[in-house]
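Raw contents of upload02.cif, mmCIF, C-alpha atoms:
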data_my_file
#
loop_
_atom_site.group_PDB
_atom_site.id
_atom_site.type_symbol
_atom_site.label_atom_id
_atom_site.label_comp_id
_atom_site.auth_asym_id
_atom_site.auth_seq_id
_atom_site.Cartn_x
_atom_site.Cartn_y
_atom_site.Cartn_z
ATOM 1 C CA MET Y 6 99.064 98.651 141.231
ATOM 2 C CA LYS Y 7 98.177 100.731 144.283
ATOM 3 C CA LYS Y 8 98.386 98.321 147.238
ATOM 4 C CA ILE Y 9 102.001 97.997 148.389
ATOM 5 C CA GLY Y 10 103.341 95.985 151.316
ATOM 6 C CA ILE Y 11 106.532 96.812 153.173
ATOM 7 C CA ILE Y 12 108.237 94.274 155.433
ATOM 8 C CA GLY Y 13 111.120 95.737 157.437
ATOM 9 C CA LEU Y 14 110.904 99.244 158.858
ATOM 10 C CA GLY Y 15 114.491 100.170 159.490
ATOM 11 C CA MET Y 16 115.704 103.590 158.382
ATOM 12 C CA LEU Y 17 115.458 102.723 154.689
ATOM 13 C CA GLY Y 18 112.202 100.751 154.859
ATOM 14 C CA ASN Y 19 110.460 103.466 156.826
ATOM 15 C CA ALA Y 20 111.576 106.169 154.369
ATOM 16 C CA VAL Y 21 110.457 104.127 151.339
ATOM 17 C CA ALA Y 22 107.069 103.489 152.952
ATOM 18 C CA LEU Y 23 106.556 107.155 153.840
ATOM 19 C CA HIS Y 24 107.352 108.239 150.293
ATOM 20 C CA LEU Y 25 104.927 105.693 148.830
ATOM 21 C CA ILE Y 26 102.162 106.985 151.121
ATOM 22 C CA ASP Y 27 102.945 110.568 150.084
ATOM 23 C CA SER Y 28 102.760 109.405 146.444
ATOM 24 C CA GLY Y 29 99.223 108.070 146.853
ATOM 25 C CA TYR Y 30 99.830 104.368 147.448
ATOM 26 C CA LYS Y 31 98.017 102.306 150.072
ATOM 27 C CA VAL Y 32 100.735 100.841 152.291
ATOM 28 C CA THR Y 33 100.435 97.792 154.542
ATOM 29 C CA ALA Y 34 103.469 97.234 156.738
ATOM 30 C CA TYR Y 35 104.976 94.776 159.181
ATOM 31 C CA ASN Y 36 108.001 95.023 161.425
ATOM 32 C CA ARG Y 37 109.093 92.646 164.139
ATOM 33 C CA THR Y 38 109.680 95.585 166.507
ATOM 34 C CA LYS Y 39 106.296 97.317 166.686
ATOM 35 C CA GLU Y 40 107.695 100.636 167.933
ATOM 36 C CA LYS Y 41 109.225 101.241 164.498
ATOM 37 C CA SER Y 42 105.778 101.262 162.877
ATOM 38 C CA ILE Y 43 104.344 104.166 164.906
ATOM 39 C CA GLU Y 44 105.248 106.945 162.434
ATOM 40 C CA LEU Y 45 103.833 104.991 159.495
ATOM 41 C CA LYS Y 46 100.593 104.287 161.331
ATOM 42 C CA GLU Y 47 100.195 107.993 162.055
ATOM 43 C CA LYS Y 48 100.686 108.693 158.326
ATOM 44 C CA GLY Y 49 97.881 106.308 157.387
ATOM 45 C CA ALA Y 50 99.603 102.984 156.787
ATOM 46 C CA THR Y 51 97.877 99.764 157.822
ATOM 47 C CA ILE Y 52 100.076 97.962 160.354
ATOM 48 C CA VAL Y 53 99.542 94.199 160.557
ATOM 49 C CA GLU Y 54 100.800 91.378 162.764
ATOM 50 C CA SER Y 55 102.552 89.159 160.238
ATOM 51 C CA PRO Y 56 104.167 89.025 156.774
ATOM 52 C CA LYS Y 57 101.301 86.709 155.789
ATOM 53 C CA LYS Y 58 98.797 89.530 156.360
ATOM 54 C CA VAL Y 59 100.977 91.969 154.425
ATOM 55 C CA ALA Y 60 100.885 89.588 151.454
ATOM 56 C CA LYS Y 61 97.107 89.140 151.660
ATOM 57 C CA ASN Y 62 96.570 92.911 151.589
ATOM 58 C CA SER Y 63 99.094 93.765 148.830
ATOM 59 C CA GLU Y 64 99.702 93.431 145.113
ATOM 60 C CA LEU Y 65 103.431 94.025 145.567
ATOM 61 C CA VAL Y 66 105.354 93.177 148.739
ATOM 62 C CA ILE Y 67 108.733 94.872 149.187
ATOM 63 C CA ILE Y 68 111.151 93.183 151.600
ATOM 64 C CA ILE Y 69 113.788 95.386 153.274
ATOM 65 C CA VAL Y 70 115.457 93.292 155.987
ATOM 66 C CA LYS Y 71 118.954 92.613 157.301
ATOM 67 C CA ASP Y 72 120.127 89.459 155.538
ATOM 68 C CA ALA Y 73 119.183 86.294 153.663
ATOM 69 C CA ASP Y 74 118.184 84.445 156.831
ATOM 70 C CA ALA Y 75 115.720 87.212 157.675
ATOM 71 C CA VAL Y 76 114.350 87.148 154.114
ATOM 72 C CA LYS Y 77 113.755 83.384 154.365
ATOM 73 C CA GLN Y 78 112.139 83.671 157.774
ATOM 74 C CA ILE Y 79 109.574 86.307 156.802
ATOM 75 C CA SER Y 80 108.965 84.591 153.471
ATOM 76 C CA PHE Y 81 108.544 80.914 154.339
ATOM 77 C CA ASP Y 82 107.640 80.578 158.038
ATOM 78 C CA ASN Y 83 104.078 79.657 159.074
ATOM 79 C CA ASP Y 84 103.074 83.334 159.113
ATOM 80 C CA GLY Y 85 105.291 84.095 156.113
ATOM 81 C CA ILE Y 86 104.545 85.714 152.785
ATOM 82 C CA VAL Y 87 103.893 82.460 150.928
ATOM 83 C CA ASN Y 88 100.958 81.706 153.201
ATOM 84 C CA GLY Y 89 99.291 84.952 152.161
ATOM 85 C CA ASN Y 90 99.671 84.170 148.468
ATOM 86 C CA HIS Y 91 97.032 85.281 145.950
ATOM 87 C CA GLU Y 92 96.780 85.595 142.171
ATOM 88 C CA LYS Y 93 98.184 89.120 141.766
ATOM 89 C CA LEU Y 94 101.013 88.893 144.303
ATOM 90 C CA ILE Y 95 104.590 89.836 143.327
ATOM 91 C CA VAL Y 96 107.475 90.028 145.820
ATOM 92 C CA ALA Y 97 110.456 92.369 145.431
ATOM 93 C CA ASP Y 98 113.468 92.062 147.727
ATOM 94 C CA MET Y 99 115.436 95.248 148.435
ATOM 95 C CA SER Y 100 117.738 93.536 150.950
ATOM 96 C CA THR Y 101 121.475 93.246 150.295
ATOM 97 C CA ILE Y 102 122.131 89.513 150.065
ATOM 98 C CA ASP Y 103 124.374 87.015 148.301
ATOM 99 C CA PRO Y 104 123.423 86.438 144.614
ATOM 100 C CA THR Y 105 123.316 82.667 145.073
ATOM 101 C CA GLU Y 106 121.051 83.017 148.101
ATOM 102 C CA SER Y 107 118.825 85.329 146.076
ATOM 103 C CA LYS Y 108 118.452 82.745 143.303
ATOM 104 C CA ASN Y 109 117.659 79.998 145.814
ATOM 105 C CA ILE Y 110 115.021 82.159 147.514
ATOM 106 C CA SER Y 111 113.510 83.020 144.123
ATOM 107 C CA ASN Y 112 113.238 79.324 143.266
ATOM 108 C CA GLN Y 113 111.570 78.636 146.604
ATOM 109 C CA PHE Y 114 109.027 81.370 145.905
ATOM 110 C CA ILE Y 115 108.320 79.857 142.471
ATOM 111 C CA GLU Y 116 107.390 76.578 144.203
ATOM 112 C CA SER Y 117 104.570 78.561 145.857
ATOM 113 C CA GLY Y 118 103.557 80.193 142.574
ATOM 114 C CA ILE Y 119 105.093 83.584 143.410
ATOM 115 C CA ILE Y 120 107.529 85.621 141.307
ATOM 116 C CA LYS Y 121 110.299 87.370 143.257
ATOM 117 C CA LEU Y 122 112.271 90.280 141.870
ATOM 118 C CA ASP Y 123 115.593 91.589 143.202
ATOM 119 C CA ILE Y 124 115.547 95.381 143.709
ATOM 120 C CA PRO Y 125 118.561 96.455 145.826
ATOM 121 C CA VAL Y 126 119.154 100.208 145.841
ATOM 122 C CA MET Y 127 121.874 102.774 146.308
ATOM 123 C CA GLY Y 128 121.151 105.719 148.573
ATOM 124 C CA GLY Y 129 119.999 106.057 152.164
ATOM 125 C CA PRO Y 130 116.819 107.212 153.881
ATOM 126 C CA ASN Y 131 117.701 110.832 153.127
ATOM 127 C CA VAL Y 132 117.084 110.227 149.411
ATOM 128 C CA ALA Y 133 114.500 107.445 149.794
ATOM 129 C CA ILE Y 134 112.114 109.933 151.395
ATOM 130 C CA THR Y 135 112.064 111.938 148.144
ATOM 131 C CA GLY Y 136 112.114 108.971 145.746
ATOM 132 C CA ASP Y 137 115.668 109.611 144.572
ATOM 133 C CA LEU Y 138 117.220 106.184 145.086
ATOM 134 C CA VAL Y 139 119.050 104.320 142.324
ATOM 135 C CA MET Y 140 117.569 100.856 141.829
ATOM 136 C CA MET Y 141 119.111 97.734 140.332
ATOM 137 C CA ALA Y 142 116.447 95.201 139.353
ATOM 138 C CA SER Y 143 116.604 91.625 138.110
ATOM 139 C CA GLY Y 144 114.279 88.679 137.698
ATOM 140 C CA ASN Y 145 111.191 88.040 135.576
ATOM 141 C CA GLU Y 146 110.927 90.917 133.093
ATOM 142 C CA GLN Y 147 107.158 90.715 132.678
ATOM 143 C CA SER Y 148 106.682 91.048 136.451
ATOM 144 C CA PHE Y 149 109.212 93.874 136.499
ATOM 145 C CA GLU Y 150 107.166 95.774 133.906
ATOM 146 C CA LYS Y 151 104.021 95.343 136.024
ATOM 147 C CA CYS Y 152 105.843 96.990 138.947
ATOM 148 C CA LYS Y 153 107.768 99.592 136.944
ATOM 149 C CA LYS Y 154 105.544 102.532 137.901
ATOM 150 C CA VAL Y 155 106.030 101.753 141.608
ATOM 151 C CA PHE Y 156 109.778 101.381 141.137
ATOM 152 C CA ASP Y 157 109.925 104.708 139.279
ATOM 153 C CA THR Y 158 108.226 106.279 142.292
ATOM 154 C CA ILE Y 159 110.827 104.832 144.656
ATOM 155 C CA ALA Y 160 113.893 105.596 142.513
ATOM 156 C CA ASN Y 161 114.900 108.277 140.018
ATOM 157 C CA LYS Y 162 116.926 105.711 138.062
ATOM 158 C CA VAL Y 163 115.954 102.065 137.601
ATOM 159 C CA PHE Y 164 118.246 99.585 135.829
ATOM 160 C CA PHE Y 165 116.792 96.240 134.724
ATOM 161 C CA LEU Y 166 119.712 93.812 134.578
ATOM 162 C CA GLY Y 167 118.366 90.377 133.629
ATOM 163 C CA GLU Y 168 117.946 87.160 135.573
ATOM 164 C CA ASN Y 169 117.644 86.795 139.359
ATOM 165 C CA GLY Y 170 120.881 87.403 141.254
ATOM 166 C CA VAL Y 171 122.444 89.896 138.838
ATOM 167 C CA ALA Y 172 121.189 92.954 140.721
ATOM 168 C CA ASN Y 173 122.580 91.508 143.970
ATOM 169 C CA SER Y 174 126.008 91.077 142.370
ATOM 170 C CA ILE Y 175 126.019 94.704 141.229
ATOM 171 C CA LYS Y 176 124.831 95.875 144.655
ATOM 172 C CA LEU Y 177 127.716 94.085 146.374
ATOM 173 C CA ALA Y 178 130.161 95.645 143.907
ATOM 174 C CA MET Y 179 128.654 99.075 144.622
ATOM 175 C CA ASN Y 180 128.968 98.642 148.379
ATOM 176 C CA LEU Y 181 132.544 97.526 147.836
ATOM 177 C CA GLN Y 182 133.147 100.953 146.275
ATOM 178 C CA ILE Y 183 131.733 102.890 149.223
ATOM 179 C CA THR Y 184 133.753 100.720 151.614
ATOM 180 C CA MET Y 185 136.984 101.575 149.851
ATOM 181 C CA LEU Y 186 136.107 105.254 149.500
ATOM 182 C CA ALA Y 187 135.400 105.528 153.231
ATOM 183 C CA MET Y 188 138.683 103.785 154.029
ATOM 184 C CA ALA Y 189 140.701 105.906 151.576
ATOM 185 C CA LEU Y 190 139.262 109.184 152.839
ATOM 186 C CA SER Y 191 139.822 108.153 156.455
ATOM 187 C CA GLU Y 192 143.451 107.216 155.861
ATOM 188 C CA GLY Y 193 144.115 110.328 153.768
ATOM 189 C CA ILE Y 194 142.669 112.569 156.484
ATOM 190 C CA MET Y 195 144.718 110.792 159.156
ATOM 191 C CA LEU Y 196 147.917 111.060 157.117
ATOM 192 C CA VAL Y 197 147.705 114.814 156.581
ATOM 193 C CA LYS Y 198 146.492 115.443 160.127
ATOM 194 C CA LYS Y 199 149.520 113.637 161.569
ATOM 195 C CA SER Y 200 151.642 115.782 159.218
ATOM 196 C CA ASN Y 201 150.240 118.889 160.967
ATOM 197 C CA VAL Y 202 148.222 119.883 157.903
ATOM 198 C CA ASP Y 203 144.588 120.952 158.082
ATOM 199 C CA PRO Y 204 142.624 118.029 156.527
ATOM 200 C CA LYS Y 205 140.220 120.527 154.972
ATOM 201 C CA ILE Y 206 143.067 121.632 152.687
ATOM 202 C CA PHE Y 207 143.438 118.012 151.580
ATOM 203 C CA LEU Y 208 139.710 117.869 150.818
ATOM 204 C CA GLU Y 209 139.749 121.198 148.976
ATOM 205 C CA ILE Y 210 142.497 119.961 146.671
ATOM 206 C CA LEU Y 211 140.929 116.514 146.263
ATOM 207 C CA ASN Y 212 137.591 118.046 145.342
ATOM 208 C CA SER Y 213 139.304 120.217 142.725
ATOM 209 C CA THR Y 214 140.288 117.091 140.785
ATOM 210 C CA TYR Y 215 138.403 114.339 138.967
ATOM 211 C CA PHE Y 216 139.218 112.051 141.916
ATOM 212 C CA LYS Y 217 136.480 113.788 143.908
ATOM 213 C CA THR Y 218 133.357 111.845 144.899
ATOM 214 C CA GLY Y 219 130.023 112.604 146.506
ATOM 215 C CA MET Y 220 131.505 111.221 149.696
ATOM 216 C CA SER Y 221 134.540 113.526 149.574
ATOM 217 C CA GLU Y 222 132.337 116.539 148.870
ATOM 218 C CA LYS Y 223 129.636 115.835 151.473
ATOM 219 C CA LYS Y 224 130.502 113.301 154.166
ATOM 220 C CA ALA Y 225 134.255 113.864 154.450
ATOM 221 C CA TYR Y 226 133.943 117.202 156.275
ATOM 222 C CA LYS Y 227 131.745 115.540 158.894
ATOM 223 C CA MET Y 228 134.370 112.807 159.197
ATOM 224 C CA ILE Y 229 136.960 115.447 160.089
ATOM 225 C CA GLU Y 230 134.653 116.959 162.713
ATOM 226 C CA GLY Y 231 133.501 113.605 164.081
ATOM 227 C CA LYS Y 232 129.864 114.610 163.540
ATOM 228 C CA TYR Y 233 127.803 111.931 161.826
ATOM 229 C CA ASN Y 234 124.299 111.920 160.396
ATOM 230 C CA THR Y 235 123.915 108.153 160.328
ATOM 231 C CA THR Y 236 122.259 106.924 157.130
ATOM 232 C CA PHE Y 237 123.865 103.458 157.051
ATOM 233 C CA THR Y 238 125.572 102.065 160.136
ATOM 234 C CA LEU Y 239 129.107 100.786 160.277
ATOM 235 C CA SER Y 240 127.856 97.394 161.496
ATOM 236 C CA ASN Y 241 125.438 97.128 158.553
ATOM 237 C CA LEU Y 242 128.241 97.799 156.092
ATOM 238 C CA LYS Y 243 130.376 95.186 157.862
ATOM 239 C CA LYS Y 244 127.538 92.691 157.298
ATOM 240 C CA ASP Y 245 127.596 93.535 153.597
ATOM 241 C CA ILE Y 246 131.396 93.283 153.461
ATOM 242 C CA THR Y 247 131.157 89.752 154.844
ATOM 243 C CA THR Y 248 128.571 88.972 152.159
ATOM 244 C CA MET Y 249 131.063 90.284 149.564
ATOM 245 C CA THR Y 250 133.913 88.129 150.828
ATOM 246 C CA ASN Y 251 131.680 85.045 150.988
ATOM 247 C CA ALA Y 252 130.463 85.671 147.443
ATOM 248 C CA ALA Y 253 134.056 86.090 146.270
ATOM 249 C CA LYS Y 254 135.018 82.756 147.816
ATOM 250 C CA SER Y 255 132.109 80.985 146.144
ATOM 251 C CA LEU Y 256 133.170 82.482 142.783
ATOM 252 C CA GLY Y 257 136.827 81.599 143.317
ATOM 253 C CA VAL Y 258 137.982 85.213 142.978
ATOM 254 C CA GLU Y 259 140.652 86.851 145.165
ATOM 255 C CA LEU Y 260 139.678 90.293 146.526
ATOM 256 C CA PRO Y 261 142.502 91.111 148.966
ATOM 257 C CA MET Y 262 141.491 94.696 149.761
ATOM 258 C CA ILE Y 263 137.899 93.946 150.757
ATOM 259 C CA SER Y 264 139.172 91.055 152.881
ATOM 260 C CA LYS Y 265 141.415 93.515 154.738
ATOM 261 C CA ALA Y 266 138.522 95.972 155.056
ATOM 262 C CA GLU Y 267 136.422 93.213 156.640
ATOM 263 C CA GLU Y 268 139.074 92.827 159.328
ATOM 264 C CA VAL Y 269 139.281 96.592 159.948
ATOM 265 C CA TYR Y 270 135.504 97.012 160.197
ATOM 266 C CA GLU Y 271 135.241 94.008 162.503
ATOM 267 C CA ASN Y 272 137.842 95.565 164.814
ATOM 268 C CA ALA Y 273 135.976 98.892 164.726
ATOM 269 C CA ILE Y 274 132.792 97.167 165.867
ATOM 270 C CA LYS Y 275 134.689 95.492 168.719
ATOM 271 C CA GLU Y 276 135.830 98.966 169.795
ATOM 272 C CA GLY Y 277 132.206 100.154 169.981
ATOM 273 C CA PHE Y 278 131.791 102.041 166.693
ATOM 274 C CA GLY Y 279 129.144 99.778 165.131
ATOM 275 C CA ASP Y 280 126.163 102.087 165.558
ATOM 276 C CA ILE Y 281 127.626 105.209 163.944
ATOM 277 C CA ASP Y 282 127.667 105.924 160.212
ATOM 278 C CA TYR Y 283 129.934 103.658 158.149
ATOM 279 C CA THR Y 284 132.212 106.659 157.431
ATOM 280 C CA GLY Y 285 132.877 106.635 161.179
ATOM 281 C CA ILE Y 286 135.567 104.062 160.402
ATOM 282 C CA ILE Y 287 137.828 107.111 160.788
ATOM 283 C CA GLU Y 288 137.029 107.081 164.516
ATOM 284 C CA TYR Y 289 138.600 103.631 164.762
ATOM 285 C CA LEU Y 290 141.698 104.943 162.958
ATOM 286 C CA LYS Y 291 141.861 107.859 165.385
ATOM 287 C CA LYS Y 292 141.704 105.430 168.291
ATOM 288 C CA ILE Y 293 144.484 103.148 167.097
ATOM 289 C CA ASN Y 294 146.656 106.192 166.357
ATOM 290 C CA GLU Y 295 146.249 107.891 169.736
#
Would you mind writing the file out in structure tokens?
Amino acid sequence: MKKIGIIGLGMLGNAVALHLIDSGYKVTAYNRTKEKSIELKEKGATIVESPKKVAKNSELVIIIVKDADAVKQISFDNDGIVNGNHEKLIVADMSTIDPTESKNISNQFIESGIIKLDIPVMGGPNVAITGDLVMMASGNEQSFEKCKKVFDTIANKVFFLGENGVANSIKLAMNLQITMLAMALSEGIMLVKKSNVDPKIFLEILNSTYFKTGMSEKKAYKMIEGKYNTTFTLSNLKKDITTMTNAAKSLGVELPMISKAEEVYENAIKEGFGDIDYTGIIEYLKKINE
């Protein structure tokens, strides 16, 4: 399997595509905003005018778009993936969407004779460019095995989890973790700062314990300084938080903390912080504590 399609050239999609090209794959790509395809074209990717053409030119099409509505649009519209169907085609969706939506989309693909896998990942463009993502995969196992070499190129760890939708559930639970970690670090930093203590002392002690995380060791110092290397925007995480709360409602489970986080992130976006890194939630806390 050497011919890979990428639909969606945001920060993550672009990095995945670049790494696949560097790894010897032939990449065909589509993005609604053409300007985002310039770098890929210069690197040798074939840029086409529709998802349909991506499908025609690819053995595996990887979708990396904003939400379930976008997945359905590029999949089933007149110029969508299903209209470029051929015998070898497999679709893998890297988007973060509701598990129920994922199952419904998979069933719709099956009606067109196409197998769809779920392959959400952990890690941003900074690790995607080197193939060091962590991938959660679910769906048809035989199709997964056909794509395994490609997935091992994209990610340094790949977990196959069973039927469609399972990987999406795990992905939402993972993004719930990073939401809470960003909130906890932000509030801890604010608490010690208002106590006239250098927040770096707080981080030094935290990182000397088993409560430390990658976020506390790497991103937290930038949070103190207000300097962000945006790998995943605050508004994108808010979109995922809303997906979490909707999924929780459909499952009949109470998740009070993520519901509160949804409110806080929504307020941060209203205050103009949506385009910075999700750890920039601390900037909203600074504002309301001025």
Practice task
Determine the residue membership of the PyMOL selection byres ((chain Y and resi 254-265) around 12) for the file above and supply it as a ChimeraX atom specification.
Solution key: /Y:103-106,174,177-178,180-186,188-189,242-243,245-253,266-272
Practice task
Determine the residue set returned by the PyMOL selection byres ((chain Y and resi 290) around 12) for the present structure, and present it as a ChimeraX atom specification.
Solution key: /Y:187-196,198-199,228-229,231,269-270,272-273,276,278,284-289,291-295
Which polymer residues, protein or nucleic acid, are no farther than 10 Å from (115.2, 107.0, 147.2), counting all atoms listed in the file, as a compact mmCIF listing (two decimals) with C-alpha atoms, keeping the file's coordinate frame?
# COMPACT_ATOMS: atom_id res chain seq x y z
CA LEU Y 17 115.46 102.72 154.69
CA ALA Y 20 111.58 106.17 154.37
CA VAL Y 21 110.46 104.13 151.34
CA HIS Y 24 107.35 108.24 150.29
CA VAL Y 126 119.15 100.21 145.84
CA MET Y 127 121.87 102.77 146.31
CA GLY Y 128 121.15 105.72 148.57
CA GLY Y 129 120.00 106.06 152.16
CA PRO Y 130 116.82 107.21 153.88
CA ASN Y 131 117.70 110.83 153.13
CA VAL Y 132 117.08 110.23 149.41
CA ALA Y 133 114.50 107.44 149.79
CA ILE Y 134 112.11 109.93 151.40
CA THR Y 135 112.06 111.94 148.14
CA GLY Y 136 112.11 108.97 145.75
CA ASP Y 137 115.67 109.61 144.57
CA LEU Y 138 117.22 106.18 145.09
CA VAL Y 139 119.05 104.32 142.32
CA MET Y 140 117.57 100.86 141.83
CA PHE Y 156 109.78 101.38 141.14
CA ASP Y 157 109.92 104.71 139.28
CA THR Y 158 108.23 106.28 142.29
CA ILE Y 159 110.83 104.83 144.66
CA ALA Y 160 113.89 105.60 142.51
CA ASN Y 161 114.90 108.28 140.02
CA LYS Y 162 116.93 105.71 138.06
Exercise for the section: Tell me which protein, DNA and RNA residues are within 10 Å of region 44-49 of chain Y, counting only C-alpha atoms, leaving out same-chain ones fewer than 5 positions away, and put them as a list in words. Expected result: Leu14, Asn19, Ala20, Ala22, Leu23, Ile26, Asp27, Lys31, Val32, Thr33 and Ala34 of chain Y
Problem - Target residues per the PyMOL selection byres ((chain Y and resi 62) around 12), formatted as number ranges by chain - result: Y: 7-11, 31-35, 50-53, 55-61, 63-66, 86, 89-95
Completion exercise
Taken to one decimal, the CA of Phe164 (chain Y)-CA of Met141 (chain Y) distance is 4.9 Å
Problem - Å distance separating CA of Leu25 (chain Y) from CA of Lys154 (chain Y), one decimal place - result: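 If I compute the distance from CA of Leu25 (chain Y) to CA of Lys154 (chain Y), I get 11.4 Å.
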Centre and edge lengths, as JSON, for the axis-aligned box enclosing every listed atom of region 99-104 of chain Y with 5 Å of padding on each of the six sides, in Å to one decimal?
{"center_x": 119.9, "center_y": 90.8, "center_z": 147.8, "size_x": 18.9, "size_y": 18.8, "size_z": 16.3}
Problem - Of the listed residues Y:Ser200, Y:Lys71, Y:Tyr226, Y:Glu146, that which approaches Ser240 (chain Y) most closely, counting all atoms listed in the file - result: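 Closest candidate: Y:Lys71.
Pairwise distance (CA of Phe216 (chain Y), CA of Tyr283 (chain Y)) equals 20.5 Å.
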Handout entry: Distance criterion (only C-alpha atoms): nearest to Ala97 (chain Y) out of Y:Pro125, Y:Gly279, Y:Gly170, Y:Gly219
Key = Y:Pro125
Exercise for the section: Measuring atom to atom with all atoms listed in the file, identify which of Y:Glu150, Y:Glu168, Y:Glu54, Y:Asp123 is nearest to Asp98 (chain Y). Expected result: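 Among the listed residues, the smallest separation from Asp98 (chain Y) belongs to Y:Asp123.
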Problem - Residue nearest Thr235 (chain Y) among Y:Asn212, Y:Asp84, Y:Lys77, Y:Asp280 (counting only C-alpha atoms) - result: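 Looking only at the distances to Thr235 (chain Y), the closest residue turns out to be Y:Asp280.
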Problem - Nearest-residue call for Lys176 (chain Y), choices Y:Thr101, Y:Ser28, Y:Thr214, Y:Ser221, using all atoms listed in the file - result: Y:Thr101
Practice task
Scan for residues within 6 Å of the point (115.0, 95.1, 150.4) in the coordinates of the file, using only C-alpha atoms, and reply as a VMD selection string.
Solution key: chain Y and resid 68 to 70 98 to 100 125
Exercise for the section: Compare Y:Thr218, Y:Asn234, Y:Gln147, Y:Asn88 by their minimum atom-to-atom distance to Gly118 (chain Y), counting all atoms listed in the file, and give me the closest one. Expected result: Y:Asn88
